[in-house]
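Shown below: structure-v3.txt, with compact mmCIF, C-alpha atoms.
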```txt
# COMPACT_ATOMS: atom_id res chain seq x y z
CA MET A 1 26.26 51.53 -47.70
CA LYS A 2 22.87 50.37 -48.88
CA GLY A 3 24.29 46.98 -49.69
CA TRP A 4 25.54 46.68 -46.13
CA ALA A 5 22.39 48.07 -44.55
CA SER A 6 19.76 45.99 -46.29
CA PRO A 7 20.62 42.46 -45.05
CA PRO A 8 20.73 43.35 -41.34
CA LEU A 9 17.45 45.27 -41.62
CA ARG A 10 15.75 42.37 -43.34
CA GLY A 11 17.15 39.90 -40.78
CA ASN A 12 16.01 42.05 -37.84
CA THR A 13 12.54 42.33 -39.34
CA GLN A 14 12.24 38.56 -39.62
CA GLY A 15 13.46 38.17 -36.04
CA LEU A 16 10.87 40.66 -34.83
CA CYS A 17 8.13 38.85 -36.77
CA SER A 18 9.21 35.49 -35.38
CA CYS A 19 9.29 36.89 -31.86
CA GLY A 20 5.88 38.47 -32.39
CA ASP A 21 4.40 35.21 -33.70
CA PHE A 22 5.84 33.36 -30.73
CA GLN A 23 4.28 35.83 -28.29
CA VAL A 24 0.91 35.53 -30.01
CA LYS A 25 1.14 31.75 -29.85
CA LEU A 26 1.97 31.91 -26.14
CA LYS A 27 -1.06 34.13 -25.51
CA ILE A 28 -3.32 31.74 -27.43
CA LEU A 29 -1.96 28.76 -25.49
CA LYS A 30 -2.44 30.59 -22.21
CA PHE A 31 -6.02 31.47 -23.14
CA LEU A 32 -6.73 27.85 -24.14
CA ASP A 33 -5.23 26.59 -20.89
CA ILE A 34 -7.47 28.84 -18.79
CA ALA A 35 -10.53 28.06 -20.92
CA ILE A 36 -9.93 24.31 -20.52
CA GLU A 37 -9.46 24.77 -16.77
CA TYR A 38 -12.82 26.51 -16.37
CA SER A 39 -14.54 24.03 -18.69
CA VAL A 40 -13.47 21.28 -16.27
CA TYR A 41 -14.88 23.35 -13.41
CA GLY A 42 -18.14 23.44 -15.37
CA ILE A 43 -18.07 19.65 -15.72
CA ILE A 44 -17.50 19.23 -11.98
CA PHE A 45 -20.27 21.64 -11.03
CA PHE A 46 -22.93 20.19 -13.35
CA ILE A 47 -22.26 16.47 -12.75
CA PRO A 48 -25.27 16.06 -10.40
CA THR A 49 -27.64 18.56 -11.95
CA SER A 50 -27.57 18.79 -15.76
CA ILE A 51 -26.61 16.18 -18.35
CA ALA A 52 -26.97 18.77 -21.13
CA ALA A 53 -24.58 21.23 -19.46
CA LEU A 54 -22.24 18.34 -18.65
CA ASN A 55 -22.03 17.36 -22.31
CA ILE A 56 -21.56 20.98 -23.41
CA PHE A 57 -18.67 21.66 -21.04
CA ALA A 58 -17.09 18.28 -21.82
CA GLY A 59 -17.33 19.01 -25.54
CA ILE A 60 -15.77 22.44 -25.08
CA ALA A 61 -12.95 21.07 -22.94
CA ILE A 62 -12.12 18.28 -25.40
CA ALA A 63 -12.28 20.55 -28.48
CA LEU A 64 -10.08 23.22 -26.89
CA PHE A 65 -7.65 20.61 -25.61
CA LEU A 66 -7.22 18.98 -29.02
CA PHE A 67 -6.72 22.42 -30.59
CA LYS A 68 -4.15 23.23 -27.93
CA LYS A 69 -2.25 20.03 -28.70
CA THR A 70 -2.18 20.85 -32.42
CA LEU A 71 -0.55 24.19 -31.59
CA SER A 72 1.89 22.74 -29.08
CA ALA A 73 2.70 19.04 -29.19
CA ASP A 74 3.47 18.86 -25.48
CA PHE A 75 3.15 15.35 -24.06
CA ASN A 76 4.88 15.90 -20.72
CA SER A 77 1.73 14.89 -18.84
CA ILE A 78 1.90 11.45 -20.48
CA LYS A 79 5.66 11.13 -19.95
CA SER A 80 5.33 12.00 -16.25
CA ASN A 81 2.54 9.42 -15.83
CA LYS A 82 4.00 6.68 -18.02
CA ILE A 83 2.91 3.72 -15.90
CA LEU A 84 -0.65 5.00 -15.58
CA PHE A 85 -0.99 5.60 -19.32
CA PHE A 86 0.62 2.24 -20.06
CA PHE A 87 -2.06 0.40 -18.06
CA LEU A 88 -4.71 2.68 -19.54
CA SER A 89 -3.48 1.87 -23.06
CA LEU A 90 -3.67 -1.84 -22.29
CA PHE A 91 -7.25 -1.37 -21.13
CA PHE A 92 -8.16 0.44 -24.35
CA ILE A 93 -6.38 -2.14 -26.55
CA PHE A 94 -8.09 -5.13 -24.94
CA MET A 95 -11.47 -3.41 -25.17
CA ALA A 96 -10.75 -2.75 -28.85
CA LEU A 97 -9.98 -6.45 -29.36
CA SER A 98 -13.43 -7.29 -28.00
CA LEU A 99 -14.87 -5.72 -31.15
CA PHE A 100 -13.99 -8.94 -32.98
CA ASN A 101 -16.66 -10.70 -30.88
CA SER A 102 -19.32 -8.00 -31.16
CA GLY A 103 -20.89 -9.55 -34.29
CA PRO A 104 -24.03 -7.67 -35.37
CA PHE A 105 -23.39 -5.03 -32.69
CA PHE A 106 -20.01 -3.96 -34.12
CA THR A 107 -21.12 -0.36 -34.77
CA LYS A 108 -22.58 -0.06 -31.29
CA SER A 109 -19.39 -1.48 -29.75
CA LEU A 110 -17.23 0.89 -31.76
CA ASN A 111 -19.31 3.86 -30.59
CA ALA A 112 -19.07 2.69 -26.97
CA LEU A 113 -15.30 2.33 -27.30
CA LEU A 114 -14.60 5.66 -28.99
CA ILE A 115 -17.28 7.88 -27.49
CA LYS A 116 -18.08 6.51 -24.04
CA TRP A 117 -14.68 5.20 -22.97
CA GLY A 118 -12.63 7.40 -25.29
CA ARG A 119 -14.22 10.52 -23.81
CA GLY A 120 -13.24 9.33 -20.32
CA PHE A 121 -9.64 8.74 -21.37
CA LEU A 122 -9.46 12.22 -22.91
CA LEU A 123 -10.92 13.79 -19.77
CA LEU A 124 -8.28 12.05 -17.65
CA TRP A 125 -5.54 13.33 -19.95
CA ILE A 126 -7.01 16.85 -19.86
CA ILE A 127 -7.00 16.88 -16.05
CA LEU A 128 -3.45 15.54 -15.79
CA ASP A 129 -2.27 18.09 -18.35
CA THR A 130 -4.12 21.08 -16.87
CA PHE A 131 -4.23 20.55 -13.09
CA THR A 132 -0.51 20.53 -12.36
CA ASP A 133 -0.51 22.58 -9.15
CA THR A 134 -2.28 22.59 -5.80
CA ARG A 135 -4.04 25.90 -6.47
CA ARG A 136 -6.01 24.53 -9.42
CA ILE A 137 -6.75 21.22 -7.71
CA THR A 138 -8.07 23.11 -4.67
CA LYS A 139 -10.28 25.28 -6.89
CA ALA A 140 -11.65 22.18 -8.58
CA LEU A 141 -12.56 20.66 -5.21
CA LEU A 142 -14.17 23.92 -4.10
CA PHE A 143 -16.44 23.71 -7.14
CA LEU A 144 -17.20 20.12 -6.12
CA LEU A 145 -17.92 21.28 -2.57
CA PHE A 146 -20.30 24.01 -3.73
CA SER A 147 -22.14 21.66 -6.09
CA ALA A 148 -22.41 18.95 -3.41
CA THR A 149 -23.78 21.49 -0.93
CA LEU A 150 -26.55 22.38 -3.38
CA VAL A 151 -27.28 18.67 -3.75
CA GLY A 152 -27.57 18.37 0.03
CA PHE A 153 -30.09 21.23 0.20
CA SER A 154 -31.94 19.61 -2.69
CA VAL A 155 -32.19 16.31 -0.82
CA PHE A 156 -33.43 17.98 2.37
CA SER A 157 -36.06 19.84 0.37
CA GLN A 158 -37.20 16.60 -1.23
CA LYS A 159 -37.21 14.74 2.10
CA PHE A 160 -39.17 17.31 4.11
CA PHE A 161 -41.19 19.21 1.48
CA GLY A 162 -41.76 16.47 -1.12
CA ARG A 163 -39.87 18.09 -4.00
CA GLU A 164 -36.18 18.80 -4.52
CA LEU A 165 -34.91 22.24 -5.47
CA LEU A 166 -32.62 21.78 -8.47
CA ARG A 167 -34.65 19.62 -10.86
CA GLY A 168 -38.04 19.64 -9.17
CA ARG A 169 -38.09 15.87 -8.73
CA PRO A 170 -40.82 14.67 -6.32
CA LEU A 171 -40.24 12.25 -3.46
CA VAL A 172 -41.46 8.81 -4.55
CA GLY A 173 -41.51 6.17 -1.84
CA LEU A 174 -39.12 6.33 1.10
CA SER A 175 -35.79 6.81 -0.72
CA VAL A 176 -34.56 10.25 -1.75
CA THR A 177 -33.04 10.82 -5.20
CA GLY A 178 -32.08 14.49 -5.09
CA PRO A 179 -31.41 15.81 -8.62
CA PHE A 180 -30.55 12.29 -9.88
CA GLU A 181 -32.99 9.96 -11.61
CA ASN A 182 -32.73 7.33 -8.87
CA GLN A 183 -31.39 6.89 -5.36
CA ASN A 184 -28.45 4.76 -6.52
CA GLY A 185 -27.06 7.63 -8.59
CA LEU A 186 -27.32 10.04 -5.66
CA ALA A 187 -25.78 7.48 -3.29
CA ALA A 188 -22.81 6.86 -5.60
CA TYR A 189 -22.19 10.60 -5.93
CA LEU A 190 -22.26 11.11 -2.16
CA THR A 191 -20.04 8.07 -1.53
CA SER A 192 -17.28 9.71 -3.56
CA VAL A 193 -17.85 13.31 -2.49
CA ILE A 194 -18.27 13.03 1.30
CA PRO A 195 -14.68 11.85 2.04
CA ILE A 196 -13.34 14.70 -0.10
CA ILE A 197 -15.34 17.29 1.85
CA LEU A 198 -14.26 15.64 5.09
CA SER A 199 -10.66 16.30 4.08
CA PHE A 200 -11.43 20.04 4.10
CA VAL A 201 -12.93 19.64 7.58
CA LEU A 202 -9.83 17.91 8.94
CA TRP A 203 -7.45 20.49 7.52
CA LYS A 204 -6.70 22.82 10.44
CA ARG A 205 -7.40 26.46 9.70
CA LYS A 206 -7.98 29.64 11.64
CA GLN A 207 -11.46 30.27 10.24
CA ILE A 208 -13.50 28.34 12.84
CA ALA A 209 -16.77 29.51 11.29
CA VAL A 210 -15.77 28.04 7.90
CA GLN A 211 -14.76 24.76 9.50
CA LEU A 212 -18.05 24.57 11.41
CA LEU A 213 -19.95 25.22 8.18
CA LEU A 214 -18.06 22.39 6.48
CA VAL A 215 -18.90 20.07 9.39
CA LEU A 216 -22.60 20.88 8.94
CA VAL A 217 -22.37 20.26 5.19
CA THR A 218 -20.69 16.90 5.83
CA ILE A 219 -23.41 15.88 8.31
CA MET A 220 -26.10 16.97 5.84
CA LEU A 221 -24.57 14.85 3.07
CA ILE A 222 -24.12 11.80 5.32
CA ALA A 223 -27.80 12.07 6.29
CA SER A 224 -28.64 12.33 2.58
CA SER A 225 -26.70 9.12 1.93
CA LEU A 226 -28.60 7.31 4.70
CA TRP A 227 -31.92 8.42 3.21
CA THR A 228 -31.08 6.81 -0.14
CA ASN A 229 -31.39 3.38 1.53
CA CYS A 230 -28.62 2.18 -0.80
CA ARG A 231 -26.67 -0.48 1.06
CA GLY A 232 -23.82 -0.77 -1.44
CA ALA A 233 -23.20 2.96 -1.09
CA TRP A 234 -23.03 2.62 2.69
CA VAL A 235 -20.31 -0.02 2.33
CA GLY A 236 -18.35 2.28 0.01
CA LEU A 237 -18.87 5.32 2.24
CA ILE A 238 -17.84 3.47 5.41
CA SER A 239 -14.73 2.26 3.59
CA GLY A 240 -13.87 5.77 2.45
CA LEU A 241 -14.38 7.31 5.89
CA PHE A 242 -12.32 4.59 7.59
CA PHE A 243 -9.59 5.15 5.02
CA VAL A 244 -9.50 8.86 5.94
CA ILE A 245 -9.24 7.95 9.65
CA LEU A 246 -6.51 5.41 8.92
CA ILE A 247 -4.32 7.75 6.86
CA THR A 248 -4.76 10.85 9.02
CA THR A 249 -3.84 8.92 12.19
CA TYR A 250 -1.26 6.60 10.62
CA HIS A 251 1.82 8.20 12.16
CA ARG A 252 0.15 8.71 15.55
CA VAL A 253 -1.07 5.19 16.26
CA LYS A 254 0.82 2.05 17.15
CA LYS A 255 1.58 -0.73 14.73
CA TRP A 256 -1.11 -3.05 16.11
CA SER A 257 -3.72 -0.33 15.51
CA ARG A 258 -2.67 -0.07 11.87
CA ILE A 259 -2.98 -3.83 11.53
CA MET A 260 -6.51 -3.62 12.94
CA PHE A 261 -7.44 -0.94 10.42
CA PHE A 262 -6.06 -2.93 7.50
CA SER A 263 -7.80 -6.03 8.79
CA PHE A 264 -11.04 -4.09 8.76
CA PHE A 265 -10.61 -3.39 5.06
CA ILE A 266 -9.55 -6.92 4.20
CA PHE A 267 -12.05 -8.88 6.29
CA CYS A 268 -14.77 -6.70 7.83
CA ILE A 269 -15.83 -4.75 4.74
CA PRO A 270 -16.66 -7.94 2.78
CA LEU A 271 -18.53 -9.31 5.79
CA ILE A 272 -20.56 -6.13 6.10
CA ALA A 273 -21.32 -6.31 2.39
CA PHE A 274 -22.54 -9.90 2.68
CA ALA A 275 -24.65 -9.02 5.71
CA LEU A 276 -26.25 -6.06 3.98
CA PHE A 277 -26.95 -7.84 0.72
CA PHE A 278 -27.56 -11.46 1.53
CA LEU A 279 -29.10 -11.37 5.00
CA HIS A 280 -31.63 -8.72 4.07
CA ASN A 281 -34.48 -9.98 1.93
CA ARG A 282 -35.16 -7.16 -0.51
CA GLN A 283 -34.94 -7.99 -4.23
CA ASP A 284 -31.54 -9.62 -3.74
CA SER A 285 -32.72 -12.59 -5.79
CA ASN A 286 -32.71 -10.29 -8.82
CA ARG A 287 -29.02 -9.57 -8.27
CA PHE A 288 -28.28 -13.30 -8.09
CA ILE A 289 -30.07 -13.81 -11.41
CA LEU A 290 -28.07 -11.04 -13.08
CA THR A 291 -24.82 -12.25 -11.52
CA ARG A 292 -25.42 -15.78 -12.84
CA GLY A 293 -26.29 -14.35 -16.23
CA ALA A 294 -23.11 -12.29 -16.33
CA TRP A 295 -21.05 -15.32 -15.27
CA ASN A 296 -22.61 -17.46 -18.01
CA MET A 297 -21.74 -14.75 -20.50
CA ILE A 298 -18.17 -14.65 -19.17
CA LYS A 299 -17.75 -18.45 -19.43
CA GLU A 300 -18.68 -18.32 -23.09
CA ASN A 301 -16.08 -15.62 -23.96
CA PRO A 302 -13.72 -15.22 -21.00
CA PHE A 303 -10.77 -13.65 -22.82
CA LEU A 304 -12.25 -11.05 -25.19
CA GLY A 305 -15.84 -10.82 -23.96
CA LYS A 306 -18.98 -10.38 -26.02
CA GLY A 307 -18.02 -6.90 -27.25
CA VAL A 308 -17.75 -3.63 -25.38
CA GLY A 309 -21.13 -2.00 -24.83
CA THR A 310 -23.19 -5.12 -25.65
CA PHE A 311 -24.12 -6.48 -22.20
CA MET A 312 -27.72 -5.32 -22.34
CA ASP A 313 -28.14 -6.66 -25.87
CA TYR A 314 -27.23 -10.17 -24.71
CA CYS A 315 -28.55 -9.97 -21.14
CA ASN A 316 -32.06 -11.35 -21.69
CA HIS A 317 -30.69 -14.46 -23.40
CA TYR A 318 -28.45 -15.35 -20.43
CA VAL A 319 -31.05 -14.72 -17.68
CA ASN A 320 -33.78 -16.89 -19.22
CA GLY A 321 -36.03 -14.03 -20.20
CA PHE A 322 -35.77 -12.21 -16.85
CA GLY A 323 -35.33 -8.88 -18.65
CA VAL A 324 -32.76 -6.42 -19.95
CA TYR A 325 -30.61 -4.98 -17.18
CA TYR A 326 -27.08 -3.98 -16.35
CA ALA A 327 -24.99 -6.48 -14.38
CA HIS A 328 -25.21 -4.55 -11.07
CA ASN A 329 -21.44 -4.98 -10.85
CA CYS A 330 -19.01 -2.84 -12.86
CA PHE A 331 -16.23 -5.40 -12.69
CA LEU A 332 -18.39 -8.29 -13.89
CA GLN A 333 -19.79 -6.17 -16.71
CA ILE A 334 -16.34 -5.09 -17.91
CA TRP A 335 -15.27 -8.76 -17.89
CA ALA A 336 -18.42 -9.93 -19.70
CA GLU A 337 -18.16 -7.23 -22.36
CA SER A 338 -14.44 -7.04 -23.05
CA GLY A 339 -12.75 -9.98 -21.35
CA ILE A 340 -10.48 -10.79 -18.44
CA PHE A 341 -7.52 -8.82 -19.79
CA SER A 342 -9.58 -5.64 -19.92
CA LEU A 343 -10.71 -6.21 -16.34
CA LEU A 344 -7.14 -6.81 -15.15
CA SER A 345 -5.96 -3.66 -16.96
CA PHE A 346 -8.76 -1.66 -15.34
CA ILE A 347 -7.78 -2.97 -11.89
CA LEU A 348 -4.11 -2.22 -12.63
CA PHE A 349 -4.56 1.43 -13.61
CA THR A 350 -7.04 2.25 -10.83
CA GLY A 351 -4.99 0.27 -8.31
CA TYR A 352 -1.82 2.04 -9.43
CA VAL A 353 -3.39 5.47 -8.82
CA ILE A 354 -4.53 4.42 -5.33
CA TYR A 355 -1.17 2.80 -4.51
CA LYS A 356 0.82 5.82 -5.66
CA SER A 357 -1.42 8.29 -3.82
CA ILE A 358 -1.13 6.33 -0.55
CA LYS A 359 2.63 6.11 -0.98
CA VAL A 360 2.88 9.88 -1.51
CA THR A 361 0.44 10.72 1.29
CA LEU A 362 2.37 8.79 3.92
CA LYS A 363 5.56 10.68 3.04
CA ILE A 364 4.30 14.27 3.19
CA PRO A 365 3.50 16.40 6.26
CA SER A 366 -0.04 17.25 7.42
CA SER A 367 -0.52 20.08 4.96
CA LEU A 368 -3.37 21.03 2.64
CA ASN A 369 -1.92 18.67 0.02
CA PHE A 370 -1.98 15.82 2.53
CA PHE A 371 -5.67 16.22 3.36
CA LEU A 372 -6.79 16.85 -0.23
CA LEU A 373 -4.95 13.79 -1.50
CA THR A 374 -6.33 11.69 1.37
CA GLY A 375 -9.89 12.80 0.62
CA LEU A 376 -9.54 12.20 -3.12
CA THR A 377 -8.09 8.72 -2.61
CA ALA A 378 -10.86 7.85 -0.14
CA GLY A 379 -13.50 9.11 -2.56
CA LEU A 380 -12.04 7.03 -5.39
CA LEU A 381 -11.77 3.96 -3.16
CA GLY A 382 -15.36 4.32 -1.96
CA PHE A 383 -16.58 4.70 -5.55
CA LEU A 384 -14.79 1.52 -6.65
CA ILE A 385 -16.06 -0.49 -3.67
CA HIS A 386 -19.61 0.66 -4.37
CA SER A 387 -19.04 -0.39 -8.00
CA PHE A 388 -19.07 -4.01 -6.83
CA PHE A 389 -22.80 -3.54 -6.28
CA ASP A 390 -23.78 -1.29 -9.19
CA VAL A 391 -22.66 -0.10 -12.63
CA HIS A 392 -21.72 3.53 -12.12
CA LEU A 393 -19.23 3.53 -15.00
CA TYR A 394 -22.17 2.96 -17.34
CA SER A 395 -23.98 6.07 -16.10
CA LEU A 396 -23.09 9.30 -17.93
CA GLN A 397 -23.00 11.48 -14.81
CA LEU A 398 -21.20 8.99 -12.59
CA SER A 399 -18.66 8.02 -15.25
CA PHE A 400 -17.70 11.71 -15.45
CA LEU A 401 -17.41 11.75 -11.66
CA PHE A 402 -15.13 8.70 -11.76
CA TRP A 403 -12.74 10.17 -14.36
CA VAL A 404 -12.66 13.54 -12.58
CA VAL A 405 -11.86 12.05 -9.17
CA LEU A 406 -9.36 9.61 -10.68
CA GLY A 407 -7.67 12.41 -12.64
CA LEU A 408 -7.49 14.80 -9.69
CA THR A 409 -6.12 12.03 -7.46
CA ALA A 410 -3.36 11.22 -9.97
CA ALA A 411 -2.68 14.94 -10.57
CA SER A 412 -2.50 15.65 -6.84
CA SER A 413 -0.07 12.75 -6.33
CA ARG A 414 2.11 14.14 -9.09
CA SER A 415 2.01 17.80 -7.98
CA THR A 416 2.77 16.86 -4.36
CA VAL A 417 5.97 14.94 -5.15
```

Can you dump the structure from the file as structure tokens?
Amino acid sequence: MKGWASPPLRGNTQGLCSCGDFQVKLKILKFLDIAIEYSVYGIIFFIPTSIAALNIFAGIAIALFLFKKTLSADFNSIKSNKILFFFLSLFFIFMALSLFNSGPFFTKSLNALLIKWGRGFLLLWIILDTFTDTRRITKALLFLLFSATLVGFSVFSQKFFGRELLRGRPLVGLSVTGPFENQNGLAAYLTSVIPIILSFVLWKRKQIAVQLLLVLVTIMLIASSLWTNCRGAWVGLISGLFFVILITTYHRVKKWSRIMFFSFFIFCIPLIAFALFFLHNRQDSNRFILTRGAWNMIKENPFLGKGVGTFMDYCNHYVNGFGVYYAHNCFLQIWAESGIFSLLSFILFTGYVIYKSIKVTLKIPSSLNFFLLTGLTAGLLGFLIHSFFDVHLYSLQLSFLFWVVLGLTAASSRSTV
């Protein structure tokens, strides 16, 4: 009898152990998933207020995510976004090829590739892997709403009392900065955030008091954007707000009205940009100098660039001693640093996210998902349009904002299908 009893007992014990190990692993993975989720909320909340906290939460999110992937090699988020990650991989590969032209700045270029851009790619992957349902995406945008509201109060404090609330920055000159170092950073943040908050306003709900509060927050943030005196941001914000109007009224307006809206984007936005920048005499000559310098840099190495992260190292040479600056145009700087193929890849993966989100939005009913996806797409579009006039992707805070909004837009498109 013992001979018969022993094998089954030993087999059952192993089965119980295996089942127990599996349950423990599931609990660990669940804990990691929640911890990563709230780390991303921390990133979103601290984007405008604390670079130190931003780096801490980003480091925690990345470390936990990589640990999670070692426990469970689940790559469904990549498989379900194959086209996006294909274009993103092309972007990374072509930037890596620019290292061959970086010369004495090879180490700096490698750090820019792996740390600056690599961190953004990982953050995008984290968001697509973690924010797979509307509930989490909504919570993320509520954190963004709360943080933006604090920024609005900070700006009003700075405008009317001379010092903002969150970082204690004084008002210098006529342009407000809020908790950011300069008005351009604040303007870029608001350009992306305001259309997202507007999407909450347009979503019909029974809580009239909440909707009224959101309207007041939106007005406060629009006023804050005006007080930055940043013309490029106004072009991006107008574009984003018109996009929201276009999408939310698309099925209720006639075909000729849609054509007028699209014509506005294609023709009127560039005209407004030219009017704001070239018919207003305020340091625009500096932008022309930097644009010519960037173009001269591009002509020398049009295909692989001068090396990712090296624009400022070469800038003074190409602007005849004018000084060391960024290009004041994200697209030109990407081209100058890493070549035309990198720029085309960047346009492809951002354009793909916008195209897919519009395609999904026009197919779904006027639900919460519809308004959130509309607001996210408008925020991303406004950010990219403003990037024609500044280099937000080369700012730590604003680069995080870009990857967060891009990731949530792509995740929302996927979860809505």

Can you work out which one of A:Leu216, A:Lys68, A:Thr350, A:Leu408 has the shortest atom-to-atom distance to Asp33 (chain A), counting only C-alpha atoms?
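The shortest atom-to-atom distance to Asp33 (chain A) comes from A:Lys68.
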
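Among A:Val391, A:Leu381, A:Val353, A:Ile62, the residue with the shortest atom-to-atom distance to Cys330 (chain A), counting all atoms listed in the file, is A:Val391.
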
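Take the candidates A:Leu110, A:Ser192, A:Leu372, A:Asp129 and check each one against Ser80 (chain A) using all atoms listed in the file; the shortest distance goes to A:Asp129.
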
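Between Phe146 (chain A) and the candidates A:Asn101, A:Thr218, A:Asn76, A:Ser395, the tightest atom-to-atom separation, counting only C-alpha atoms, involves A:Thr218.
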
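From CA of Leu343 (chain A) back to CA of Phe303 (chain A), the distance works out to 9.9 Å.
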
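Across the structure, CA of Ser154 (chain A) and CA of Ile127 (chain A) are spaced 28.4 Å apart.
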